[in-house]
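Participant: Here you go, one structure.
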Amino acid sequence: MKNRTLLAILCAFPFAALAAVACGDSSGVDDGGGASDGGDLQGGGPTGKAEEPDPALVSPSDGNTTGAVGSGGGGGSSAIESLCDGLVDTATRVDVSFHGHPSTAGAQYARARLLHVPSLAPDPTLLRAEDFLAYYGLGYETAVANGLEPLRVRWYQTGGDPLTSTSGVLQADFSASPTEREALRLIVLADVSQSLGSSLPLVHDAIRALGRGIEASTMPGDTMAVLTFAGDIVTELDGPIQPGAPYGGLPIESLALAPREGNDFVTAVREAIKVASNGATSAHVVLLTDGGANVSDDLLEEVRTAASKGIRLSVAQIGAELSTGPAPLARGFLESVAGAGRGGQFYIADTSAADRVFDTRFGPSLAIQARAALLTVKLPPFLRAVGLPMPVPGGASGPAGGALGPDALHPTRIGLQATCPDVFTNPLAGTFDMSAELSGSVAGEEKVLASLSTDWLELRGESAFTARNDAILAVAQALRTRSPADVEAARSELAAVLPDGKFECLECEQMMELKQLLEAAEALP
């Protein structure tokens, strides 16, 4: 069993709530259009709570709660009393808000800096692990081609010697079909003010990518509009998406973007929200800008109100090429606007970055497959979830659920703490059952998206999916610290998922790019 330090890696990042091993408080979760001001997607991470042992899961034995776990009757008193020096324990239930991780800005920013000629060091404080998972994450087709069930759960030990370690990680992966999403009203709000003059070809490439993305997974009722703004606001196009036609039949290729005077940012955002509300139950505004505008509290409140009614707002910073290299990531601007809009944060420094998030990963970036998504895991005895955000006094008592996009594999992680190592290693633990269920609201109807129930030990061990995510997280950590130990750990994790490694190289081009980023960081002075 490999020695892993994933919990330490995750806790080294701000917004480490991505793995449900959140090391601090949570700013809120997205309920899929509810009224929670704090709800957002840009953190990309689940929040949750571990509940008290579930009495319904336990059959009393001799007056003590030492009975079976789950419906299969596994985990009777003889098995329990043979583990952990005869201590007594029961099953626990953990609820985790399941998010689609749409924000990729930190990974795109690091990529732009490190792939620049010459390579430039990214600001380490801007590199978030969840951004890397989102940008380099797997698509639905890869999951299906590799036989992944709709919901797959694996677990493994971390922290050293398996004979003594009591820590572990549980990963749940949910694959969402590209054809299972709500109809979308997509509004592209493109900044064409003077400051973006030399970057307008890249703005046009981003619009092209969005047009290809929505057409490739189009649903009945999809529409798209493009608005440009500077001192004024112009509706460049607006119409339904036609399946099979380039850009959905919209004249995106013929757009003639030219810089204009002025920058009425506030009016432009208000107009985009108004246009988005035209007959749509699910709408998304994508703001393309260089991030130089001032944002008032009043405007942010209007954006929050729109988001609570189903009109999300994402921000894509156009990373203009400056004399010092790609423009700095405007994290504060992205967080305030996209956070209020319950949308994603993106950083577009080249055409390939736009294609990745707006075309290849259009669904997980912008569309909605399910709202209020909640993962319920029933853990065997002697196991507890760790690192989950604690309820805030006076606040919600549990997670409200997240939003999932289609056409992607969505991973989430839960830190595990065992009473004794036997839970991970003793064959008697195989008599314990573990179940997981992912529920959510699809087209306004509450439903179970996927579920599983099986023996605990059947779920033990890494897979190509968990190992790939480990590699992504390890590279993010190494780029952040650039310490020899973290670089070596990232190199080892990558080796396992590259060609000739221990696991199949899934979407190998992305893994090779991570290797390139790591090598570029190593070469920096």
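Letters for chains follow the order of the structure tokens (A, B, ...), residue numbers begin at 1 for each chain, and ligand numbers begin at 1 in the order shown.
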Please identify every residue of stretch 372-437 of chain A that has at least one atom no farther than 6 Å from an atom of stretch 441-465 of chain A, counting only C-alpha atoms, and for each give the shortest atom pair and the distance in Å to one decimal, arranged by chain then increasing number, as a Markdown table.

Facilitator:
| residue | atom | partner | partner_atom | distance |
| --- | --- | --- | --- | --- |
| A:Ala372 | CA | A:Ser441 | CA | 5.9 |
| A:Gly430 | CA | A:Leu457 | CA | 4.9 |
| A:Phe432 | CA | A:Trp456 | CA | 5.6 |
| A:Asp433 | CA | A:Asp455 | CA | 4.5 |
| A:Met434 | CA | A:Trp456 | CA | 5.4 |
| A:Ser435 | CA | A:Ser453 | CA | 4.1 |
| A:Ala436 | CA | A:Leu452 | CA | 5.5 |
| A:Glu437 | CA | A:Ser451 | CA | 4.2 |

Participant: If we count only C-alpha atoms and set the cut-off at 9 Å, which residues sit around stretch 215-217 of chain A, ignoring sequence neighbours fewer than 5 positions away in its own chain? Please answer as a list in words.

Facilitator: Pro178, Thr179, Leu210, Asp222, Ile241, Gln242, Pro243, Gly244, Ala245, Pro246, Tyr247, Gly248, Gly249, Asp359, Phe362, Gly363 and Asp407 of chain A

Participant: Could you pull the residues within 7 Å of A:Ala230, counting only C-alpha atoms, minus those fewer than 6 positions along the same chain, as a CSV table (one decimal) with N, CA, C and O atoms, in the first residue's frame?

Facilitator:
chain,number,residue,atom,x,y,z
A,191,ASP,N,-16.7,42.1,-23.4
A,191,ASP,CA,-16.1,43.5,-23.2
A,191,ASP,C,-15.3,43.8,-24.5
A,191,ASP,O,-14.4,43.1,-24.8
A,192,VAL,N,-15.7,44.9,-25.2
A,192,VAL,CA,-14.9,45.3,-26.3
A,192,VAL,C,-14.3,46.7,-26.1
A,192,VAL,O,-14.1,47.5,-27.1
A,193,SER,N,-14.1,47.1,-24.9
A,193,SER,CA,-13.5,48.4,-24.6
A,193,SER,C,-12.1,48.5,-25.0
A,193,SER,O,-11.5,47.4,-25.4
A,260,ARG,N,-14.3,49.7,-28.8
A,260,ARG,CA,-15.1,50.9,-28.8
A,260,ARG,C,-14.8,51.7,-27.5
A,260,ARG,O,-14.2,51.2,-26.6
A,261,GLU,N,-15.2,53.0,-27.5
A,261,GLU,CA,-14.9,53.9,-26.4
A,261,GLU,C,-15.8,53.6,-25.2
A,261,GLU,O,-16.9,53.2,-25.3
A,262,GLY,N,-15.3,53.9,-24.0
A,262,GLY,CA,-16.0,53.8,-22.8
A,262,GLY,C,-16.1,52.4,-22.2
A,262,GLY,O,-15.5,51.5,-22.7
A,263,ASN,N,-16.7,52.3,-21.0
A,263,ASN,CA,-16.9,51.0,-20.3
A,263,ASN,C,-18.0,51.1,-19.3
A,263,ASN,O,-17.7,51.4,-18.1
A,264,ASP,N,-19.2,50.9,-19.7
A,264,ASP,CA,-20.3,51.0,-18.8
A,264,ASP,C,-20.6,49.6,-18.3
A,264,ASP,O,-21.6,48.9,-18.7

Participant: How many Å separate atom CA of A:Lys274 from atom CA of A:Ala293?

Facilitator: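 These two atoms are separated by 20.1 Å.
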
Participant: Which distance in Å separates atom CA of A:Glu321 and atom CA of A:Leu334, to one decimal?

Facilitator: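 Rounded to one decimal, the two atoms are 18.6 Å apart.
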
Participant: Could you pull out all residues of stretch 377-510 of chain A with a DSSP call of helix (DSSP H, G or I) and give them as a PyMOL selection string?

Facilitator: chain A and resi 422-425+427-431+456-459+464-481+484-497+508-510

Participant: Store the residues picked out above in a file with C-alpha atoms, as a compact mmCIF listing (two decimals), in the first residue's frame.

Facilitator:
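The resulting file, again.txt, is reproduced below:
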# COMPACT_ATOMS: atom_id res chain seq x y z
CA ASP A 422 -8.30 -3.40 11.47
CA VAL A 423 -11.17 -1.61 9.72
CA PHE A 424 -8.92 -1.22 6.67
CA THR A 425 -7.00 -4.50 6.79
CA PRO A 427 -10.83 -9.68 6.58
CA LEU A 428 -13.56 -9.59 9.23
CA ALA A 429 -14.29 -6.03 8.10
CA GLY A 430 -15.56 -7.60 4.90
CA THR A 431 -18.73 -8.51 6.75
CA TRP A 456 -16.85 -2.65 2.56
CA LEU A 457 -13.68 -4.48 1.54
CA GLU A 458 -14.96 -4.90 -2.03
CA LEU A 459 -14.41 -1.17 -2.45
CA ALA A 464 -7.10 4.60 -12.69
CA PHE A 465 -9.67 7.22 -11.76
CA THR A 466 -8.54 7.77 -8.16
CA ALA A 467 -4.85 7.61 -9.13
CA ARG A 468 -5.38 10.20 -11.85
CA ASN A 469 -7.00 12.60 -9.38
CA ASP A 470 -4.16 11.94 -6.93
CA ALA A 471 -1.69 12.94 -9.64
CA ILE A 472 -3.58 16.15 -10.45
CA LEU A 473 -3.68 17.14 -6.78
CA ALA A 474 0.00 16.30 -6.28
CA VAL A 475 1.04 18.45 -9.25
CA ALA A 476 -1.08 21.34 -7.98
CA GLN A 477 0.66 21.06 -4.61
CA ALA A 478 4.10 20.91 -6.21
CA LEU A 479 3.41 23.98 -8.35
CA ARG A 480 2.26 25.80 -5.25
CA THR A 481 5.23 25.02 -3.01
CA PRO A 484 11.79 19.17 -3.66
CA ALA A 485 9.67 16.76 -1.61
CA ASP A 486 6.40 17.86 -3.22
CA VAL A 487 7.93 17.86 -6.70
CA GLU A 488 9.23 14.33 -6.19
CA ALA A 489 5.82 13.21 -4.86
CA ALA A 490 4.09 14.73 -7.90
CA ARG A 491 6.56 13.06 -10.24
CA SER A 492 5.83 9.70 -8.62
CA GLU A 493 2.05 10.16 -8.77
CA LEU A 494 2.22 11.18 -12.43
CA ALA A 495 4.39 8.21 -13.33
CA ALA A 496 1.61 5.90 -12.18
CA VAL A 497 -0.90 7.32 -14.69
CA CYS A 508 -3.37 11.11 -21.63
CA GLU A 509 -2.78 14.44 -23.36
CA GLN A 510 -3.89 16.27 -20.24

Participant: With distances taken over only C-alpha atoms, which residue among A:Pro380, A:Gly344, A:Gly319, A:Gly160 lies nearest A:Tyr135?

Facilitator: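 That would be A:Gly344, the residue with the smallest distance to A:Tyr135.
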
Participant: Nearest to A:Ser282: which of A:His204, A:Arg342, A:Arg331, A:Arg185 is it, counting only C-alpha atoms?

Facilitator: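 Under the stated criterion, the closest residue is A:Arg185.
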
Participant: Take atom CA of A:Thr281 and atom CA of A:Phe229 and report the distance between them in Å, one decimal.

Facilitator: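 Taking atom CA of A:Thr281 and atom CA of A:Phe229, their separation equals 25.0 Å.
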
Participant: Residues at most 12 Å from A:Ile252, counting only C-alpha atoms, excluding those fewer than 6 positions away in the same chain, as a list in words?

Facilitator: Val188, Val203, His204, Asp205, Ala206, Ile207, Arg208, Ala209, Leu210, Gly211, Arg212, Met224, Ala225, Val226, Leu227, Glu236, Leu237, Asp238, Gly239, Ile241, Ala245 and Pro246 of chain A

Participant: Between A:Ser175, A:Thr142, A:Thr419, A:Thr104, single out the one closest to A:Leu83, counting only C-alpha atoms.

Facilitator: A:Thr419

Participant: Write out as a list in words the residues lying within 6 Å of stretch 303-315 of chain A, counting only C-alpha atoms and excluding same-chain residues fewer than 5 positions away.

Facilitator: Gly33, Gly34, Ala35, Ser282, Ala283, His284, Val285, Val286, Leu287, Ala338, Ala340, Gly341, Arg342, Gly343, Gly344 and Gln345 of chain A

Participant: Taking into account only C-alpha atoms, which residue in the set A:Val169, A:Leu374, A:Leu300, A:Leu148 is nearest to A:Gly339?

Facilitator: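 Smallest distance to A:Gly339 is found for A:Leu300.
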